[in-house]
$ cat entry.pdb   # PDB, C-alpha atoms and all ligand atoms
ATOM      1  CA  MET A   1       0.000   0.000   0.000  1.00  0.00           C
ATOM      2  CA  SER A   2       2.988   2.348   0.400  1.00  0.00           C
ATOM      3  CA  ASP A   3       3.225   3.014  -3.357  1.00  0.00           C
ATOM      4  CA  LEU A   4      -0.397   4.017  -3.351  1.00  0.00           C
ATOM      5  CA  ARG A   5       0.197   6.270  -0.377  1.00  0.00           C
ATOM      6  CA  ASP A   6       3.091   8.015  -2.179  1.00  0.00           C
ATOM      7  CA  LEU A   7       0.881   8.512  -5.184  1.00  0.00           C
ATOM      8  CA  TYR A   8      -1.804  10.054  -2.981  1.00  0.00           C
ATOM      9  CA  GLN A   9       0.694  12.393  -1.365  1.00  0.00           C
ATOM     10  CA  GLU A  10       2.021  13.426  -4.752  1.00  0.00           C
ATOM     11  CA  LEU A  11      -1.454  14.259  -5.997  1.00  0.00           C
ATOM     12  CA  ILE A  12      -2.261  16.299  -2.891  1.00  0.00           C
ATOM     13  CA  LEU A  13       1.080  18.124  -3.131  1.00  0.00           C
ATOM     14  CA  ASP A  14       0.498  18.904  -6.772  1.00  0.00           C
ATOM     15  CA  HIS A  15      -2.852  20.513  -5.977  1.00  0.00           C
ATOM     16  CA  THR A  16      -1.354  22.413  -3.039  1.00  0.00           C
ATOM     17  CA  LYS A  17       1.360  23.905  -5.213  1.00  0.00           C
ATOM     18  CA  LYS A  18      -0.849  24.561  -8.218  1.00  0.00           C
ATOM     19  CA  PRO A  19      -4.431  24.945  -6.985  1.00  0.00           C
ATOM     20  CA  ARG A  20      -6.976  24.552  -9.795  1.00  0.00           C
ATOM     21  CA  ASN A  21      -9.757  27.113 -10.199  1.00  0.00           C
ATOM     22  CA  PHE A  22      -8.104  29.395  -7.660  1.00  0.00           C
ATOM     23  CA  ARG A  23      -9.827  32.630  -8.627  1.00  0.00           C
ATOM     24  CA  LYS A  24     -12.912  34.693  -7.916  1.00  0.00           C
ATOM     25  CA  ILE A  25     -16.047  34.632 -10.020  1.00  0.00           C
ATOM     26  CA  GLU A  26     -17.432  38.127 -10.204  1.00  0.00           C
ATOM     27  CA  GLY A  27     -21.029  39.098 -10.835  1.00  0.00           C
ATOM     28  CA  VAL A  28     -23.874  36.619 -10.900  1.00  0.00           C
ATOM     29  CA  GLY A  29     -23.630  33.356  -9.092  1.00  0.00           C
ATOM     30  CA  SER A  30     -23.501  32.278  -5.523  1.00  0.00           C
ATOM     31  CA  LYS A  31     -20.763  32.239  -2.944  1.00  0.00           C
ATOM     32  CA  ALA A  32     -20.166  31.264   0.647  1.00  0.00           C
ATOM     33  CA  ASP A  33     -17.380  31.790   3.149  1.00  0.00           C
ATOM     34  CA  GLY A  34     -15.872  28.995   5.179  1.00  0.00           C
ATOM     35  CA  HIS A  35     -13.631  29.243   8.202  1.00  0.00           C
ATOM     36  CA  ASN A  36     -11.847  26.562  10.141  1.00  0.00           C
ATOM     37  CA  PRO A  37     -10.661  28.282  13.346  1.00  0.00           C
ATOM     38  CA  LEU A  38      -8.875  25.126  14.493  1.00  0.00           C
ATOM     39  CA  CYS A  39      -6.297  25.536  11.748  1.00  0.00           C
ATOM     40  CA  GLY A  40      -6.875  29.051  10.437  1.00  0.00           C
ATOM     41  CA  ASP A  41      -8.146  28.029   7.002  1.00  0.00           C
ATOM     42  CA  LYS A  42     -10.339  30.674   5.396  1.00  0.00           C
ATOM     43  CA  ILE A  43     -11.863  30.144   1.982  1.00  0.00           C
ATOM     44  CA  THR A  44     -14.624  31.448  -0.221  1.00  0.00           C
ATOM     45  CA  VAL A  45     -16.314  29.158  -2.733  1.00  0.00           C
ATOM     46  CA  PHE A  46     -17.871  30.661  -5.863  1.00  0.00           C
ATOM     47  CA  LEU A  47     -20.552  28.812  -7.811  1.00  0.00           C
ATOM     48  CA  MET A  48     -22.282  29.369 -11.107  1.00  0.00           C
ATOM     49  CA  ILE A  49     -25.347  27.235 -11.739  1.00  0.00           C
ATOM     50  CA  ASP A  50     -26.823  27.038 -15.202  1.00  0.00           C
ATOM     51  CA  LYS A  51     -30.015  25.003 -15.712  1.00  0.00           C
ATOM     52  CA  GLY A  52     -29.314  22.958 -12.580  1.00  0.00           C
ATOM     53  CA  ILE A  53     -25.715  22.210 -13.546  1.00  0.00           C
ATOM     54  CA  VAL A  54     -22.519  23.522 -11.963  1.00  0.00           C
ATOM     55  CA  SER A  55     -21.245  25.469 -14.959  1.00  0.00           C
ATOM     56  CA  ASP A  56     -18.376  27.066 -13.062  1.00  0.00           C
ATOM     57  CA  ILE A  57     -16.876  26.709  -9.611  1.00  0.00           C
ATOM     58  CA  SER A  58     -13.840  28.313  -8.026  1.00  0.00           C
ATOM     59  CA  PHE A  59     -12.362  29.132  -4.670  1.00  0.00           C
ATOM     60  CA  HIS A  60     -10.203  31.789  -3.078  1.00  0.00           C
ATOM     61  CA  GLY A  61      -8.607  32.415   0.267  1.00  0.00           C
ATOM     62  CA  SER A  62      -5.782  31.009   2.316  1.00  0.00           C
ATOM     63  CA  GLY A  63      -5.379  27.735   4.082  1.00  0.00           C
ATOM     64  CA  CYS A  64      -3.094  24.845   4.859  1.00  0.00           C
ATOM     65  CA  ALA A  65      -1.946  22.280   2.311  1.00  0.00           C
ATOM     66  CA  ILE A  66      -4.816  19.878   2.953  1.00  0.00           C
ATOM     67  CA  SER A  67      -7.588  22.482   2.785  1.00  0.00           C
ATOM     68  CA  THR A  68      -6.133  23.980  -0.398  1.00  0.00           C
ATOM     69  CA  ALA A  69      -5.694  20.617  -2.123  1.00  0.00           C
ATOM     70  CA  SER A  70      -9.161  19.535  -1.070  1.00  0.00           C
ATOM     71  CA  ALA A  71     -10.768  22.729  -2.408  1.00  0.00           C
ATOM     72  CA  SER A  72      -8.792  22.450  -5.637  1.00  0.00           C
ATOM     73  CA  MET A  73      -9.794  18.832  -6.258  1.00  0.00           C
ATOM     74  CA  MET A  74     -13.372  19.555  -5.275  1.00  0.00           C
ATOM     75  CA  THR A  75     -13.709  22.247  -7.944  1.00  0.00           C
ATOM     76  CA  GLU A  76     -12.322  19.846 -10.546  1.00  0.00           C
ATOM     77  CA  SER A  77     -14.731  17.122  -9.476  1.00  0.00           C
ATOM     78  CA  LEU A  78     -17.857  19.245  -9.394  1.00  0.00           C
ATOM     79  CA  LYS A  79     -17.680  21.185 -12.620  1.00  0.00           C
ATOM     80  CA  GLY A  80     -20.371  19.881 -14.962  1.00  0.00           C
ATOM     81  CA  LYS A  81     -22.229  17.994 -12.228  1.00  0.00           C
ATOM     82  CA  THR A  82     -25.878  18.556 -11.403  1.00  0.00           C
ATOM     83  CA  ILE A  83     -26.846  20.064  -8.044  1.00  0.00           C
ATOM     84  CA  ALA A  84     -28.082  16.640  -6.907  1.00  0.00           C
ATOM     85  CA  GLU A  85     -24.803  14.977  -7.934  1.00  0.00           C
ATOM     86  CA  ALA A  86     -22.805  17.651  -6.120  1.00  0.00           C
ATOM     87  CA  LYS A  87     -24.782  17.048  -2.945  1.00  0.00           C
ATOM     88  CA  THR A  88     -24.352  13.269  -3.238  1.00  0.00           C
ATOM     89  CA  LEU A  89     -20.606  13.642  -3.705  1.00  0.00           C
ATOM     90  CA  PHE A  90     -20.452  15.893  -0.647  1.00  0.00           C
ATOM     91  CA  ARG A  91     -22.229  13.193   1.368  1.00  0.00           C
ATOM     92  CA  HIS A  92     -19.842  10.478   0.150  1.00  0.00           C
ATOM     93  CA  PHE A  93     -16.774  12.622   0.819  1.00  0.00           C
ATOM     94  CA  HIS A  94     -17.967  13.524   4.287  1.00  0.00           C
ATOM     95  CA  LYS A  95     -18.729   9.895   5.040  1.00  0.00           C
ATOM     96  CA  MET A  96     -15.306   8.781   3.839  1.00  0.00           C
ATOM     97  CA  LEU A  97     -13.625  11.159   6.295  1.00  0.00           C
ATOM     98  CA  THR A  98     -15.889  10.839   9.293  1.00  0.00           C
ATOM     99  CA  GLY A  99     -16.719   7.179   8.692  1.00  0.00           C
ATOM    100  CA  ASN A 100     -19.327   7.028  11.392  1.00  0.00           C
ATOM    101  CA  SER A 101     -22.146   5.737   9.279  1.00  0.00           C
ATOM    102  CA  GLU A 102     -22.640   2.151   8.240  1.00  0.00           C
ATOM    103  CA  GLY A 103     -22.092   0.922   4.721  1.00  0.00           C
ATOM    104  CA  GLN A 104     -19.270   1.122   2.253  1.00  0.00           C
ATOM    105  CA  VAL A 105     -17.686   4.298   1.008  1.00  0.00           C
ATOM    106  CA  ASP A 106     -18.603   4.763  -2.629  1.00  0.00           C
ATOM    107  CA  SER A 107     -15.066   5.002  -3.973  1.00  0.00           C
ATOM    108  CA  GLU A 108     -16.262   4.669  -7.546  1.00  0.00           C
ATOM    109  CA  SER A 109     -18.179   7.930  -7.498  1.00  0.00           C
ATOM    110  CA  LEU A 110     -15.480   9.617  -5.424  1.00  0.00           C
ATOM    111  CA  GLY A 111     -12.825   8.899  -8.041  1.00  0.00           C
ATOM    112  CA  LYS A 112      -9.582  10.772  -7.348  1.00  0.00           C
ATOM    113  CA  LEU A 113     -11.046  12.174  -4.145  1.00  0.00           C
ATOM    114  CA  VAL A 114     -10.233   8.893  -2.383  1.00  0.00           C
ATOM    115  CA  VAL A 115      -6.726  10.290  -1.904  1.00  0.00           C
ATOM    116  CA  PHE A 116      -8.103  12.068   1.143  1.00  0.00           C
ATOM    117  CA  THR A 117      -8.997   8.815   2.844  1.00  0.00           C
ATOM    118  CA  GLY A 118      -5.636   8.944   4.697  1.00  0.00           C
ATOM    119  CA  VAL A 119      -6.663  12.195   6.368  1.00  0.00           C
ATOM    120  CA  LYS A 120      -8.977  10.150   8.581  1.00  0.00           C
ATOM    121  CA  GLU A 121      -5.906   9.093  10.558  1.00  0.00           C
ATOM    122  CA  PHE A 122      -5.352  12.725  11.544  1.00  0.00           C
ATOM    123  CA  PRO A 123      -8.587  13.903  13.187  1.00  0.00           C
ATOM    124  CA  VAL A 124      -7.528  17.570  13.387  1.00  0.00           C
ATOM    125  CA  ARG A 125      -7.030  17.550   9.614  1.00  0.00           C
ATOM    126  CA  VAL A 126     -10.515  16.223   8.832  1.00  0.00           C
ATOM    127  CA  LYS A 127     -11.976  19.700   9.247  1.00  0.00           C
ATOM    128  CA  CYS A 128      -9.347  21.050   6.833  1.00  0.00           C
ATOM    129  CA  ALA A 129     -10.322  18.507   4.189  1.00  0.00           C
ATOM    130  CA  THR A 130     -14.073  18.985   4.565  1.00  0.00           C
ATOM    131  CA  LEU A 131     -14.061  22.808   4.850  1.00  0.00           C
ATOM    132  CA  ALA A 132     -14.343  23.466   1.114  1.00  0.00           C
ATOM    133  CA  TRP A 133     -17.174  20.942   0.829  1.00  0.00           C
ATOM    134  CA  HIS A 134     -19.201  22.443   3.656  1.00  0.00           C
ATOM    135  CA  THR A 135     -18.665  25.865   2.119  1.00  0.00           C
ATOM    136  CA  MET A 136     -19.694  24.630  -1.329  1.00  0.00           C
ATOM    137  CA  ASN A 137     -22.818  23.110   0.190  1.00  0.00           C
ATOM    138  CA  ALA A 138     -23.673  26.440   1.832  1.00  0.00           C
ATOM    139  CA  ALA A 139     -23.244  28.206  -1.521  1.00  0.00           C
ATOM    140  CA  LEU A 140     -25.586  25.635  -3.087  1.00  0.00           C
ATOM    141  CA  GLU A 141     -28.185  26.303  -0.405  1.00  0.00           C
ATOM    142  CA  HIS A 142     -28.090  30.019  -1.220  1.00  0.00           C
ATOM    143  CA  GLN A 143     -28.561  29.094  -4.836  1.00  0.00           C
ATOM    144  CA  GLU A 144     -31.677  27.144  -4.018  1.00  0.00           C
ATOM    145  CA  GLU A 145     -33.299  30.033  -2.213  1.00  0.00           C
ATOM    146  CA  PRO A 146     -35.990  31.669  -4.263  1.00  0.00           C
ATOM    147  CA  VAL A 147     -34.537  34.514  -6.226  1.00  0.00           C
ATOM    148  CA  SER A 148     -35.928  37.870  -5.239  1.00  0.00           C
ATOM    149  CA  THR A 149     -36.418  40.429  -7.932  1.00  0.00           C
ATOM    150  CA  GLU A 150     -36.958  43.222  -5.445  1.00  0.00           C
TER
HETATM  151 ZN    ZN B   1      -6.104  23.398   7.684  1.00  0.00          ZN
END
$ encode --input "entry.pdb" --output "structure tokens" --more "lines below"
Ligand code: ZN
Amino acid sequence: MSDLRDLYQELILDHTKKPRNFRKIEGVGSKADGHNPLCGDKITVFLMIDKGIVSDISFHGSGCAISTASASMMTESLKGKTIAEAKTLFRHFHKMLTGNSEGQVDSESLGKLVVFTGVKEFPVRVKCATLAWHTMNAALEHQEEPVSTE
């Protein structure tokens, strides 16, 4: 398993050094702020939904290696997904890291995101890895609120 672990670390490092979709989306869309006081991670997730599909997603802010890599890989995973798929993926990811519910982790739908499974061994880092996802979910909730034209 050590080869696999190296591969995981490489992937996480790559995303930490070169975060994908690290930018702000101005104008229309939805955003939410996330803060993990335990570590000091602060991020904002930007979402653009078009006909129920995540047409664009990005993040901005500052955080540790794990929170940055997690946000980066999340944006890659969610672009082009429907709102329902995004919510399902959030549930699977959360379950993989907290592991307190019965049943198998759906590694097939998680894809590359399974690299974060090792974070479970470091409980203080779990919040770092899930921060972007909680923030994304909050941005989705805003999106689902009825739009006011007032
Ligand atoms: Zn952190």
$ atom_distance --input "entry.pdb" --atom1 "CA of Glu10 in chain A" --atom2 "CA of Ala69 in chain A"
10.9 Å
$ atom_distance --input "entry.pdb" --atom1 "CA of Leu97 in chain A" --atom2 "CA of Val45 in chain A"
20.3 Å
$ residues_near_ligand --input "entry.pdb" --ligand "ligand ZN 1 (chain B)" --cutoff "6 Å" --atoms "only C-alpha atoms and all ligand atoms" --output "PyMOL selection string"
chain A and resi 39+41+63-64+67+128
$ closest_residue --input "entry.pdb" --among "A:Gly29, A:Pro19, A:Gly34, A:Gly52" --to "Ala138 in chain A" --atoms "only C-alpha atoms"
A:Gly34
$ closest_residue --input "entry.pdb" --among "A:Gly118, A:Gly99, A:Pro123, A:Gly27" --to "Met48 in chain A" --atoms "all atoms listed in the file"
A:Gly27
$ closest_residue --input "entry.pdb" --among "A:Ile57, A:Ile66, A:Ala84, A:Leu140" --to "Thr117 in chain A" --atoms "all atoms listed in the file"
A:Ile66
$ closest_residue --input "entry.pdb" --among "A:Phe122, A:Phe22, A:Phe93, A:Tyr8" --to "Ala71 in chain A" --atoms "all atoms listed in the file"
A:Phe22
$ residues_around --input "entry.pdb" --residues "Glu26 in chain A" --least-positions-apart "5" --cutoff "12 Å" --atoms "only C-alpha atoms" --output "VMD selection string"
chain A and resid 31 45 to 48 56 to 60
$ write_last_selection --input "entry.pdb" --atoms "C-alpha atoms" --output "PDB file, in the frame of the given file"
ATOM      1  CA  LYS A  31     -20.763  32.239  -2.944  1.00  0.00           C
ATOM      2  CA  VAL A  45     -16.314  29.158  -2.733  1.00  0.00           C
ATOM      3  CA  PHE A  46     -17.871  30.661  -5.863  1.00  0.00           C
ATOM      4  CA  LEU A  47     -20.552  28.812  -7.811  1.00  0.00           C
ATOM      5  CA  MET A  48     -22.282  29.369 -11.107  1.00  0.00           C
ATOM      6  CA  ASP A  56     -18.376  27.066 -13.062  1.00  0.00           C
ATOM      7  CA  ILE A  57     -16.876  26.709  -9.611  1.00  0.00           C
ATOM      8  CA  SER A  58     -13.840  28.313  -8.026  1.00  0.00           C
ATOM      9  CA  PHE A  59     -12.362  29.132  -4.670  1.00  0.00           C
ATOM     10  CA  HIS A  60     -10.203  31.789  -3.078  1.00  0.00           C
TER      11      HIS A  60
END
$ closest_residue --input "entry.pdb" --among "A:Ile53, A:Leu13, A:Met74, A:Val105" --to "Thr135 in chain A" --atoms "only C-alpha atoms"
A:Met74
$ closest_residue --input "entry.pdb" --among "A:Ser55, A:Ser30, A:Thr75, A:Thr68" --to "Leu89 in chain A" --atoms "only C-alpha atoms"
A:Thr75
$ atom_distance --input "entry.pdb" --atom1 "CA of Gly61 in chain A" --atom2 "CA of Val126 in chain A"
18.4 Å
$ axis_aligned_box --input "entry.pdb" --around "range 76-84 of chain A" --padding-each-side "6 Å" --output "JSON"
{"center_x": -20.2, "center_y": 18.9, "center_z": -10.9, "size_x": 27.8, "size_y": 16.5, "size_z": 20.1}
$ residues_around --input "entry.pdb" --residues "Leu38 in chain A" --least-positions-apart "4" --cutoff "10 Å" --atoms "only C-alpha atoms" --output "list of chain:residue names"
A:Val124, A:Arg125, A:Lys127, A:Cys128
